[in-house]
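Enquirer: Handing over start_8.txt, compact mmCIF, C-alpha atoms and all ligand atoms.
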# COMPACT_ATOMS: atom_id res chain seq x y z
CA MET A 241 -14.09 34.60 -1.98
CA ALA A 242 -13.66 38.42 -1.97
CA GLU A 243 -14.67 40.37 1.11
CA GLY A 244 -17.60 42.77 1.27
CA PRO A 245 -20.82 42.86 -0.73
CA GLN A 246 -21.09 40.74 -3.86
CA LEU A 247 -22.90 42.66 -6.54
CA ARG A 248 -24.65 41.60 -9.71
CA ILE A 249 -23.73 43.60 -12.79
CA GLY A 250 -26.94 45.67 -12.68
CA GLU A 251 -26.27 46.80 -9.12
CA LEU A 252 -22.61 47.58 -9.90
CA SER A 253 -23.77 49.55 -12.95
CA ARG A 254 -26.24 51.56 -10.85
CA ARG A 255 -23.61 52.37 -8.23
CA VAL A 256 -20.93 53.61 -10.61
CA GLY A 257 -23.13 55.07 -13.36
CA VAL A 258 -21.56 52.93 -16.14
CA SER A 259 -23.82 50.80 -18.36
CA PRO A 260 -23.65 46.98 -17.98
CA GLY A 261 -22.55 46.74 -21.63
CA LEU A 262 -19.55 49.01 -21.07
CA LEU A 263 -18.64 47.20 -17.82
CA ARG A 264 -18.63 43.88 -19.70
CA ALA A 265 -16.47 45.42 -22.44
CA TRP A 266 -13.95 46.65 -19.85
CA GLU A 267 -13.93 43.19 -18.27
CA ARG A 268 -13.40 41.47 -21.62
CA ARG A 269 -10.91 43.85 -23.23
CA TYR A 270 -8.84 45.00 -20.28
CA SER A 271 -9.50 42.38 -17.55
CA LEU A 272 -10.52 45.33 -15.38
CA LEU A 273 -13.00 43.23 -13.39
CA ASP A 274 -12.46 39.92 -11.67
CA PRO A 275 -15.90 38.55 -10.73
CA SER A 276 -16.50 35.38 -8.77
CA ARG A 277 -19.17 32.97 -10.04
CA THR A 278 -22.13 31.38 -8.38
CA GLU A 279 -22.78 27.70 -8.97
CA GLY A 280 -25.27 28.75 -11.62
CA GLY A 281 -22.50 30.71 -13.41
CA LEU A 282 -23.80 34.17 -12.41
CA ARG A 283 -21.02 36.78 -12.13
CA LEU A 284 -20.70 38.55 -8.77
CA TYR A 285 -18.55 41.68 -8.39
CA SER A 286 -16.65 42.75 -5.27
CA ALA A 287 -15.79 46.08 -3.64
CA ALA A 288 -12.36 45.81 -5.33
CA ASP A 289 -14.09 45.60 -8.73
CA GLU A 290 -16.15 48.70 -7.88
CA ARG A 291 -12.97 50.55 -6.87
CA ARG A 292 -11.25 49.62 -10.15
CA VAL A 293 -14.23 50.92 -12.13
CA ARG A 294 -14.11 54.22 -10.22
CA ASP A 295 -10.35 54.46 -10.84
CA MET A 296 -11.02 53.76 -14.53
CA GLN A 297 -13.53 56.64 -14.58
CA ALA A 298 -10.96 58.88 -12.88
CA GLY A 299 -8.42 57.98 -15.58
CA LEU A 300 -10.92 58.69 -18.38
CA SER A 301 -11.92 62.02 -16.82
CA ARG A 302 -8.23 62.99 -16.93
CA GLY A 303 -8.27 62.52 -20.68
CA LEU A 304 -6.62 59.06 -20.87
CA SER A 305 -7.85 56.65 -23.55
CA ALA A 306 -9.69 53.56 -22.26
CA ALA A 307 -6.60 51.37 -22.84
CA GLU A 308 -4.31 53.88 -21.06
CA ALA A 309 -6.73 54.28 -18.16
CA ALA A 310 -7.04 50.49 -17.74
CA ARG A 311 -3.23 50.21 -17.72
CA ALA A 312 -2.98 52.98 -15.10
CA VAL A 313 -5.56 51.14 -12.96
CA ARG A 314 -3.66 47.84 -13.26
CA ASP A 315 -0.30 49.52 -12.47
CA GLY A 316 -1.85 51.11 -9.37
CA ALA A 317 -0.98 54.62 -10.66
CA ILE A 318 -4.49 55.91 -10.06
CA ALA A 319 -4.77 54.23 -6.66
CA ASP A 320 -1.48 55.96 -5.69
CA GLN A 321 -2.94 59.30 -6.66
CA ARG A 322 -6.15 58.50 -4.78
CA SER A 323 -4.13 57.80 -1.63
CA THR A 324 -2.60 61.30 -1.74
CA LEU A 325 -5.99 62.83 -2.56
CA GLY A 326 -7.59 61.12 0.44
CA PRO A 327 -5.88 63.16 3.19
CA ALA A 328 -6.56 66.42 1.30
CA ALA A 329 -10.24 65.48 0.95
CA ALA A 330 -10.43 64.73 4.69
CA GLU A 331 -8.78 68.07 5.41
CA LEU A 332 -11.30 69.92 3.25
CA ALA A 333 -14.17 68.21 5.08
CA ALA A 334 -12.62 69.06 8.45
CA THR A 335 -12.14 72.76 7.59
CA LEU A 336 -15.66 73.07 6.21
CA ASP A 337 -17.18 71.30 9.21
CA VAL A 338 -15.70 73.91 11.57
CA MET A 339 -16.66 76.69 9.12
CA ASP A 340 -13.07 77.84 8.66
CA ALA A 341 -13.37 79.54 5.26
CA GLU A 342 -9.72 80.59 5.04
CA ALA A 343 -8.41 77.07 5.71
CA ALA A 344 -10.97 75.57 3.32
CA HIS A 345 -9.85 77.93 0.53
CA GLN A 346 -6.21 77.09 1.23
CA THR A 347 -6.95 73.37 0.99
CA LEU A 348 -8.80 73.97 -2.28
CA ASP A 349 -5.90 76.09 -3.61
CA ASP A 350 -3.52 73.26 -2.79
CA LEU A 351 -5.75 70.60 -4.37
CA LEU A 352 -6.28 72.64 -7.55
CA TRP A 353 -2.56 73.27 -7.86
CA ARG A 354 -1.70 69.57 -7.54
CA PHE A 355 -4.57 67.95 -9.46
CA THR A 356 -6.81 68.76 -12.43
CA LEU A 357 -10.12 70.46 -11.71
CA GLU A 358 -11.96 67.32 -12.86
CA THR A 359 -9.99 65.11 -10.48
CA VAL A 360 -10.83 67.47 -7.62
CA LEU A 361 -14.50 67.57 -8.63
CA SER A 362 -14.90 63.79 -9.07
CA ASN A 363 -12.79 62.67 -6.15
CA VAL A 364 -13.17 65.41 -3.57
CA ILE A 365 -15.93 68.00 -4.00
CA LEU A 366 -18.80 65.87 -5.35
CA PRO A 367 -18.24 62.92 -2.96
CA TYR A 368 -17.92 65.43 -0.12
CA LEU A 369 -21.30 67.00 -1.00
CA HIS A 370 -22.92 63.58 -1.25
CA ASP A 371 -21.50 62.57 2.13
CA LEU A 372 -22.55 65.88 3.68
CA GLY A 373 -26.15 65.17 2.64
CA GLU A 374 -26.02 61.69 4.21
CA ARG A 375 -24.66 63.17 7.46
CA TRP A 376 -27.31 65.90 7.42
CA GLU A 377 -30.03 63.26 6.92
CA ARG A 378 -28.70 61.28 9.93
CA GLY A 379 -28.53 64.44 12.07
CA LYS A 380 -24.68 64.34 12.06
CA ALA A 381 -24.28 67.64 10.20
CA SER A 382 -26.26 70.80 10.90
CA VAL A 383 -28.13 72.93 8.38
CA ALA A 384 -25.59 75.69 9.13
CA GLN A 385 -22.64 73.42 8.25
CA GLU A 386 -24.36 72.25 5.08
CA HIS A 387 -25.27 75.81 3.97
CA PHE A 388 -21.78 77.12 4.82
CA ALA A 389 -20.04 74.39 2.86
CA SER A 390 -22.31 74.51 -0.17
CA GLN A 391 -22.12 78.32 -0.43
CA LEU A 392 -18.33 78.33 -0.15
CA LEU A 393 -17.94 75.60 -2.77
CA ARG A 394 -20.53 77.22 -5.04
CA GLY A 395 -18.67 80.55 -4.92
CA ARG A 396 -15.41 78.82 -5.66
CA LEU A 397 -16.79 76.82 -8.60
CA LEU A 398 -18.48 79.88 -10.12
CA ALA A 399 -15.18 81.78 -9.87
CA LEU A 400 -13.55 78.96 -11.87
CA ALA A 401 -16.44 79.20 -14.35
CA ARG A 402 -15.68 82.80 -15.29
CA GLY A 403 -15.52 83.15 -19.06
CA TRP A 404 -17.13 79.78 -19.80
CA GLU A 405 -19.48 81.49 -22.25
CA ARG A 406 -16.55 82.47 -24.50
CA GLY A 407 -14.89 80.62 -27.36
CA GLU A 408 -15.87 78.91 -30.59
CA GLY A 409 -17.33 75.62 -29.33
CA SER A 410 -20.92 74.35 -29.25
CA LEU A 411 -23.17 75.99 -26.68
CA ALA A 412 -24.94 74.17 -23.82
CA VAL A 413 -27.76 75.78 -21.82
CA LEU A 414 -27.83 74.46 -18.24
CA ALA A 415 -30.80 74.80 -15.90
CA CYS A 416 -32.53 73.24 -12.93
CA VAL A 417 -36.27 72.57 -13.35
CA PRO A 418 -38.78 74.89 -11.59
CA ALA A 419 -38.52 74.83 -7.75
CA GLU A 420 -35.21 72.93 -7.90
CA LEU A 421 -32.39 74.67 -6.02
CA HIS A 422 -29.59 72.10 -6.27
CA ASP A 423 -27.46 73.76 -8.95
CA LEU A 424 -24.01 72.70 -7.66
CA PRO A 425 -23.80 69.49 -9.74
CA LEU A 426 -24.94 71.47 -12.78
CA ILE A 427 -22.06 73.93 -12.26
CA ALA A 428 -19.63 70.99 -11.95
CA PHE A 429 -21.06 69.55 -15.17
CA GLY A 430 -20.65 72.93 -16.94
CA LEU A 431 -16.99 73.15 -15.85
CA ALA A 432 -16.29 69.65 -17.17
CA LEU A 433 -18.08 70.42 -20.45
CA ARG A 434 -16.15 73.69 -20.80
CA ASP A 435 -12.93 71.65 -20.47
CA ARG A 436 -14.14 69.69 -23.51
CA GLY A 437 -14.37 72.87 -25.61
CA TRP A 438 -18.01 73.76 -25.08
CA ARG A 439 -19.45 77.18 -24.26
CA ILE A 440 -21.88 77.43 -21.36
CA ALA A 441 -25.03 79.51 -20.80
CA PHE A 442 -25.90 78.96 -17.16
CA LEU A 443 -29.46 79.62 -15.99
CA GLY A 444 -29.07 77.72 -12.71
CA ALA A 445 -31.73 77.07 -10.07
CA ASP A 446 -35.52 77.18 -10.46
CA THR A 447 -35.78 77.92 -14.19
CA PRO A 448 -39.09 77.82 -16.10
CA VAL A 449 -38.88 75.39 -19.04
CA ALA A 450 -40.08 78.21 -21.33
CA SER A 451 -37.01 80.23 -20.30
CA VAL A 452 -34.72 77.35 -21.25
CA ALA A 453 -36.45 77.23 -24.65
CA GLU A 454 -36.09 81.00 -25.09
CA THR A 455 -32.37 80.92 -24.22
CA ALA A 456 -31.74 77.93 -26.49
CA GLU A 457 -33.48 79.83 -29.30
CA VAL A 458 -31.83 83.22 -28.78
CA LEU A 459 -28.30 81.90 -28.25
CA GLY A 460 -28.56 78.93 -30.64
CA SER A 461 -27.71 76.08 -28.28
CA SER A 462 -26.54 72.61 -29.34
CA LEU A 463 -27.71 71.05 -26.08
CA ALA A 464 -30.04 71.96 -23.20
CA VAL A 465 -29.46 70.09 -19.92
CA LEU A 466 -32.15 70.06 -17.25
CA SER A 467 -31.45 68.79 -13.77
CA SER A 468 -33.67 67.71 -10.89
CA VAL A 469 -33.10 65.86 -7.61
CA THR A 470 -36.65 64.44 -7.66
CA SER A 471 -38.53 62.66 -10.43
CA ALA A 472 -41.59 64.77 -9.49
CA GLY A 473 -39.64 67.87 -10.55
CA PHE A 474 -39.50 66.52 -14.12
CA GLU A 475 -42.94 64.89 -14.12
CA ALA A 476 -44.70 68.15 -13.16
CA ARG A 477 -43.31 69.67 -16.38
CA GLU A 478 -43.49 66.68 -18.68
CA ALA A 479 -45.64 68.33 -21.39
CA GLU A 480 -43.38 71.40 -21.54
CA LEU A 481 -40.27 69.23 -21.60
CA ALA A 482 -41.70 67.12 -24.43
CA ALA A 483 -42.28 70.34 -26.42
CA LEU A 484 -38.70 71.45 -25.76
CA VAL A 485 -37.39 68.07 -26.95
CA ARG A 486 -39.26 68.53 -30.25
CA SER A 487 -37.32 71.70 -31.05
CA HIS A 488 -33.92 71.18 -29.35
CA ARG A 489 -31.41 68.53 -28.33
CA VAL A 490 -32.20 67.97 -24.64
CA ALA A 491 -30.66 65.86 -21.87
CA ILE A 492 -31.96 65.22 -18.36
CA ALA A 493 -29.74 64.63 -15.33
CA GLY A 494 -29.65 64.39 -11.54
CA THR A 495 -31.08 61.81 -9.17
CA GLY A 496 -34.62 62.56 -10.45
CA ALA A 497 -33.73 61.59 -14.03
CA SER A 498 -34.33 58.02 -15.21
CA ALA A 499 -34.08 55.93 -18.36
CA GLY A 500 -37.87 55.53 -18.39
CA LEU A 501 -38.50 59.27 -18.34
CA ALA A 502 -35.80 59.94 -20.97
CA ALA A 503 -37.42 57.30 -23.22
CA ARG A 504 -40.89 58.85 -22.72
CA LEU A 505 -39.59 62.32 -23.53
CA GLY A 506 -37.35 61.11 -26.36
CA CYS A 507 -34.29 62.85 -24.91
CA GLN A 508 -30.84 61.83 -23.65
CA LEU A 509 -30.21 60.63 -20.09
CA LEU A 510 -26.94 61.76 -18.51
CA GLU A 511 -25.72 59.14 -16.05
CA GLY A 512 -22.89 58.95 -13.58
CA ASP A 513 -21.24 61.89 -11.90
CA PRO A 514 -21.23 65.27 -13.66
CA VAL A 515 -17.67 64.80 -14.96
CA ALA A 516 -18.39 61.36 -16.47
CA ALA A 517 -21.66 62.76 -17.86
CA ALA A 518 -19.80 65.62 -19.56
CA SER A 519 -17.67 63.07 -21.45
CA ALA A 520 -20.86 61.30 -22.59
CA ALA A 521 -22.59 64.55 -23.60
CA ALA A 522 -19.58 65.94 -25.46
C1 LIG A 601 -25.99 71.18 -1.04
C2 LIG A 601 -27.38 70.63 -0.84
C3 LIG A 601 -28.44 71.53 -0.74
C4 LIG A 601 -28.27 73.03 -1.02
C5 LIG A 601 -28.14 73.24 -2.54
C6 LIG A 601 -27.10 74.27 -2.88
C7 LIG A 601 -26.92 74.39 -4.35
N1 LIG A 601 -26.89 75.62 -4.80
O1 LIG A 601 -26.78 73.39 -5.09
C8 LIG A 601 -29.59 73.63 -0.43
C9 LIG A 601 -29.34 74.15 0.96
C10 LIG A 601 -30.23 74.73 -1.27
C11 LIG A 601 -30.48 72.37 -0.35
C12 LIG A 601 -31.82 72.44 -0.17
C13 LIG A 601 -32.65 71.34 -0.02
N2 LIG A 601 -32.25 70.05 0.01
CO1 LIG A 601 -30.47 69.46 -0.41
N3 LIG A 601 -28.78 68.70 -0.52
C14 LIG A 601 -27.61 69.22 -0.73
C15 LIG A 601 -26.53 68.11 -0.75
C16 LIG A 601 -25.83 68.12 0.59
C17 LIG A 601 -25.50 68.16 -1.86
C18 LIG A 601 -26.08 68.26 -3.28
C19 LIG A 601 -25.02 68.08 -4.29
O2 LIG A 601 -24.53 69.03 -4.86
N4 LIG A 601 -24.59 66.82 -4.49
C20 LIG A 601 -23.54 66.45 -5.39
C21 LIG A 601 -24.08 65.50 -6.46
C22 LIG A 601 -23.13 65.44 -7.63
O3 LIG A 601 -24.20 64.18 -5.90
P1 LIG A 601 -25.59 63.35 -5.92
O4 LIG A 601 -26.68 64.23 -5.51
O5 LIG A 601 -25.32 62.10 -5.22
O6 LIG A 601 -25.83 63.07 -7.50
C23 LIG A 601 -25.42 61.92 -8.21
C24 LIG A 601 -26.06 61.80 -9.58
O7 LIG A 601 -27.40 61.95 -9.56
C25 LIG A 601 -25.33 62.79 -10.43
N5 LIG A 601 -25.94 64.10 -10.58
C26 LIG A 601 -26.62 64.81 -9.68
N6 LIG A 601 -26.99 65.99 -10.19
C27 LIG A 601 -26.51 66.04 -11.45
C28 LIG A 601 -26.60 67.05 -12.40
C29 LIG A 601 -26.03 66.85 -13.64
C30 LIG A 601 -26.11 67.90 -14.69
C31 LIG A 601 -25.36 65.62 -13.90
C32 LIG A 601 -24.76 65.42 -15.22
C33 LIG A 601 -25.27 64.62 -12.94
C34 LIG A 601 -25.84 64.84 -11.71
O8 LIG A 601 -24.09 62.94 -9.78
C35 LIG A 601 -24.04 62.10 -8.61
C36 LIG A 601 -23.38 60.79 -8.96
O9 LIG A 601 -22.04 60.90 -8.73
C37 LIG A 601 -27.43 66.84 -0.98
C38 LIG A 601 -26.81 65.52 -0.58
C39 LIG A 601 -26.54 64.61 -1.79
N7 LIG A 601 -26.79 63.36 -1.65
O10 LIG A 601 -26.11 65.01 -2.81
C40 LIG A 601 -28.75 67.25 -0.34
C41 LIG A 601 -30.06 66.66 -0.87
C42 LIG A 601 -30.02 66.59 -2.39
N8 LIG A 601 -31.04 67.65 -0.42
C43 LIG A 601 -32.13 67.12 0.02
C44 LIG A 601 -33.23 67.85 0.55
C45 LIG A 601 -34.30 67.03 1.21
C46 LIG A 601 -33.27 69.26 0.47
C47 LIG A 601 -34.42 70.16 0.93
C48 LIG A 601 -35.83 69.66 0.62
C49 LIG A 601 -34.20 70.41 2.43
C50 LIG A 601 -35.27 71.25 3.09
N9 LIG A 601 -36.01 70.59 3.94
O11 LIG A 601 -35.40 72.41 2.80
C51 LIG A 601 -34.12 71.46 0.16
C52 LIG A 601 -34.83 71.48 -1.19
C53 LIG A 601 -34.51 72.69 -2.00
C54 LIG A 601 -35.13 72.65 -3.37
N10 LIG A 601 -36.33 73.14 -3.55
O12 LIG A 601 -34.49 72.15 -4.31
C55 LIG A 601 -32.12 65.61 -0.09
C56 LIG A 601 -32.95 65.15 -1.31
C57 LIG A 601 -33.77 63.92 -1.03
C58 LIG A 601 -34.71 63.65 -2.22
N11 LIG A 601 -34.32 62.76 -3.12
O13 LIG A 601 -35.72 64.26 -2.31
C59 LIG A 601 -30.57 65.32 -0.19
C60 LIG A 601 -30.21 64.05 -1.00
C61 LIG A 601 -30.04 65.20 1.25
C62 LIG A 601 -30.48 63.91 1.92
N12 LIG A 601 -29.59 62.92 2.00
O14 LIG A 601 -31.60 63.81 2.35
N13 LIG A 601 -29.74 71.24 -0.46
Now that the file is in, can you turn its structure into structure tokens?

Expert:
Amino acid sequence: MAEGPQLRIGELSRRVGVSPGLLRAWERRYSLLDPSRTEGGLRLYSAADERRVRDMQAGLSRGLSAAEAARAVRDGAIADQRSTLGPAAAELAATLDVMDAEAAHQTLDDLLWRFTLETVLSNVILPYLHDLGERWERGKASVAQEHFASQLLRGRLLALARGWERGEGSLAVLACVPAELHDLPLIAFGLALRDRGWRIAFLGADTPVASVAETAEVLGSSLAVLSSVTSAGFEAREAELAALVRSHRVAIAGTGASAGLAARLGCQLLEGDPVAAASAAA
């Protein structure tokens, strides 16, 4: 019996942001998962299965086909890369925790030189932000540390975003719902979408839904993505969002977005981390 928690497919799906159908396909086609069975025949997945799914996502976000990514997971190629990413991620966290901007930028320079931006986003920056929030909630990180880190990373990501409005590709308008300030994941999503040939119009934090509609109209967008940490952020604007969905292709994202809300609005739900979601949206 494998160590650690034994998860049903729904719970595994929720954790990694991959639908149960796709997980089953990866299990069947590529033997990516190796569940144990209860006496009743129910499949239970281990921490090792979860890790292989995350490695598979990392392979896909690097542009590998599903078959190539599954092979890289089986050969341990992605795990090898993860093991060299790990120390760099710990170093970034350490430099940000002591508010050493110069050292943090150096670590980011080094990471971005050695790995693709998407690998750094998916494996270092986004997990770091998530972890920072958990530590802040438990009183293990101060507001100052959290603000320092998020401002430094935000500045860095926006510098990488320069010119993302240019090119020939389809245009996506990205915005947080009114009163929502968490625009970092939206920036990460925009960078990943830009890497897939899209152009980005970034409205960022606290944007009225009418302003998203206006921008989509004026610039001729192919997709408008709205993000919110809370479900209340979407629900307070449900009528306006429904009107936007009638005239434009819309997707909702962030921890406040759910399948139920997307079905009610008749729009797309973007699941998983912003890099995986960019693959789905593109
Ligand atoms: C940085 C940060 C801030 C910064 C935001 C800076 C910025 N410009 O973005 C500032 C300081 C402004 C801030 C403020 C607040 N924050 Co804050 N913040 C965070 C922190 C540490 C990181 C957010 C982040 O970028 N995460 C990275 C994303 C990618 O990870 P994730 O949130 O787990 O999201 C997953 C998916 O939902 C998906 N996803 C998320 N967003 C998106 C967007 C798109 C487009 C896509 C495709 C996918 C996607 O990706 C992840 C899966 O891999 C989080 C901790 C956390 N858990 O994330 C708290 C957190 C989000 N904040 C929280 C809180 C409570 C607040 C404040 C209310 C604090 C206060 N008392 O003032 C305010 C609210 C401000 C407001 N009105 O919006 C809570 C939210 C709890 C809740 N569900 O309501 C969190 C979870 C911290 C915690 N553990 O309690 N915060």

Enquirer: Do you know which residues are at most 10 Å from Ala441 in chain A counting all atoms listed in the file, after dropping those on the same chain fewer than 5 positions away, and could you put them as a list in words?

Expert: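 Result of the neighbour search: Trp404, Glu405, Arg406, Leu411, Ala412, Val413, Leu414, Ala415, Gly430, Val452, Thr455, Ala456, Leu459, Ser461 and Ala464 of chain A.
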
Enquirer: Output C-alpha atoms for every residue in the selection just made, as a CSV table (one decimal), keeping the file's coordinate frame.

Expert:
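Result file follows (selection_5.csv):
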chain,number,residue,atom,x,y,z
A,404,TRP,CA,-17.1,79.8,-19.8
A,405,GLU,CA,-19.5,81.5,-22.2
A,406,ARG,CA,-16.6,82.5,-24.5
A,411,LEU,CA,-23.2,76.0,-26.7
A,412,ALA,CA,-24.9,74.2,-23.8
A,413,VAL,CA,-27.8,75.8,-21.8
A,414,LEU,CA,-27.8,74.5,-18.2
A,415,ALA,CA,-30.8,74.8,-15.9
A,430,GLY,CA,-20.6,72.9,-16.9
A,452,VAL,CA,-34.7,77.4,-21.2
A,455,THR,CA,-32.4,80.9,-24.2
A,456,ALA,CA,-31.7,77.9,-26.5
A,459,LEU,CA,-28.3,81.9,-28.2
A,461,SER,CA,-27.7,76.1,-28.3
A,464,ALA,CA,-30.0,72.0,-23.2

Enquirer: Once you count all atoms listed in the file, which residues end up within 6 Å of ligand LIG 601 (chain A), and could you hand them over as a list in words?

Expert: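 After applying the 6 Å limit, what remains is Leu366, Leu369, His370, Leu372, Gly373, Glu374, Glu377, His387, Ser390, Ala419, Glu420, Leu421, His422, Asp423, Leu424, Pro425, Leu426, Phe429, Ser467, Val469, Thr470, Ala493, Gly494, Thr495, Leu510, Gly512, Asp513, Pro514 and Ala517 of chain A.
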
Enquirer: With all atoms listed in the file as the basis for distance, which of A:Val383, A:Val458, A:Ile440, A:Leu484 is at the shortest distance from Gly407 in chain A?

Expert: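 Under the stated criterion, the closest residue is A:Ile440.
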
Enquirer: One decimal, in Å: what's the spacing between CA of Arg254 in chain A and CA of Leu273 in chain A?

Expert: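 Going from CA of Arg254 in chain A over to CA of Leu273 in chain A covers 15.8 Å.
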
Enquirer: Report, in Å with one decimal, the straight-line distance from CA of Gly316 in chain A to CA of Arg436 in chain A.

Expert: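 Calculated distance between CA of Gly316 in chain A and CA of Arg436 in chain A is 26.4 Å.
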
Enquirer: Dump C-alpha atoms of range 285-330 of chain A from the given block, as a compact mmCIF listing (two decimals), in the first residue's frame.

Expert:
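Ended up saving to selection_18.txt:
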# COMPACT_ATOMS: atom_id res chain seq x y z
CA TYR A 285 -4.57 7.49 -5.84
CA SER A 286 -1.38 8.18 -3.89
CA ALA A 287 0.92 11.18 -3.43
CA ALA A 288 3.19 9.62 -6.10
CA ASP A 289 0.26 9.67 -8.55
CA GLU A 290 -0.37 13.33 -7.74
CA ARG A 291 3.31 14.12 -8.32
CA ARG A 292 3.27 12.35 -11.71
CA VAL A 293 0.22 14.37 -12.77
CA ARG A 294 1.97 17.61 -11.78
CA ASP A 295 5.08 16.54 -13.71
CA MET A 296 2.84 15.74 -16.69
CA GLN A 297 1.39 19.26 -16.49
CA ALA A 298 4.92 20.69 -16.31
CA GLY A 299 5.84 18.73 -19.46
CA LEU A 300 2.72 19.95 -21.30
CA SER A 301 3.35 23.56 -20.26
CA ARG A 302 6.81 23.25 -21.85
CA GLY A 303 5.16 22.44 -25.16
CA LEU A 304 5.61 18.63 -25.15
CA SER A 305 2.82 16.51 -26.65
CA ALA A 306 0.89 14.35 -24.15
CA ALA A 307 2.78 11.21 -25.28
CA GLU A 308 6.17 12.99 -25.00
CA ALA A 309 5.31 14.45 -21.60
CA ALA A 310 4.19 11.04 -20.29
CA ARG A 311 7.47 9.52 -21.52
CA ALA A 312 9.46 12.29 -19.82
CA VAL A 313 7.56 11.62 -16.57
CA ARG A 314 8.22 7.87 -16.79
CA ASP A 315 11.93 8.41 -17.60
CA GLY A 316 12.23 10.72 -14.58
CA ALA A 317 13.42 13.61 -16.82
CA ILE A 318 10.92 16.03 -15.34
CA ALA A 319 11.57 14.89 -11.77
CA ASP A 320 15.31 15.52 -12.39
CA GLN A 321 14.54 19.04 -13.50
CA ARG A 322 12.25 19.54 -10.51
CA SER A 323 15.09 18.52 -8.18
CA THR A 324 17.33 21.29 -9.57
CA LEU A 325 14.44 23.76 -9.47
CA GLY A 326 13.76 22.98 -5.82
CA PRO A 327 16.90 24.60 -4.34
CA ALA A 328 16.43 27.70 -6.54
CA ALA A 329 12.81 28.00 -5.38
CA ALA A 330 13.92 27.73 -1.74
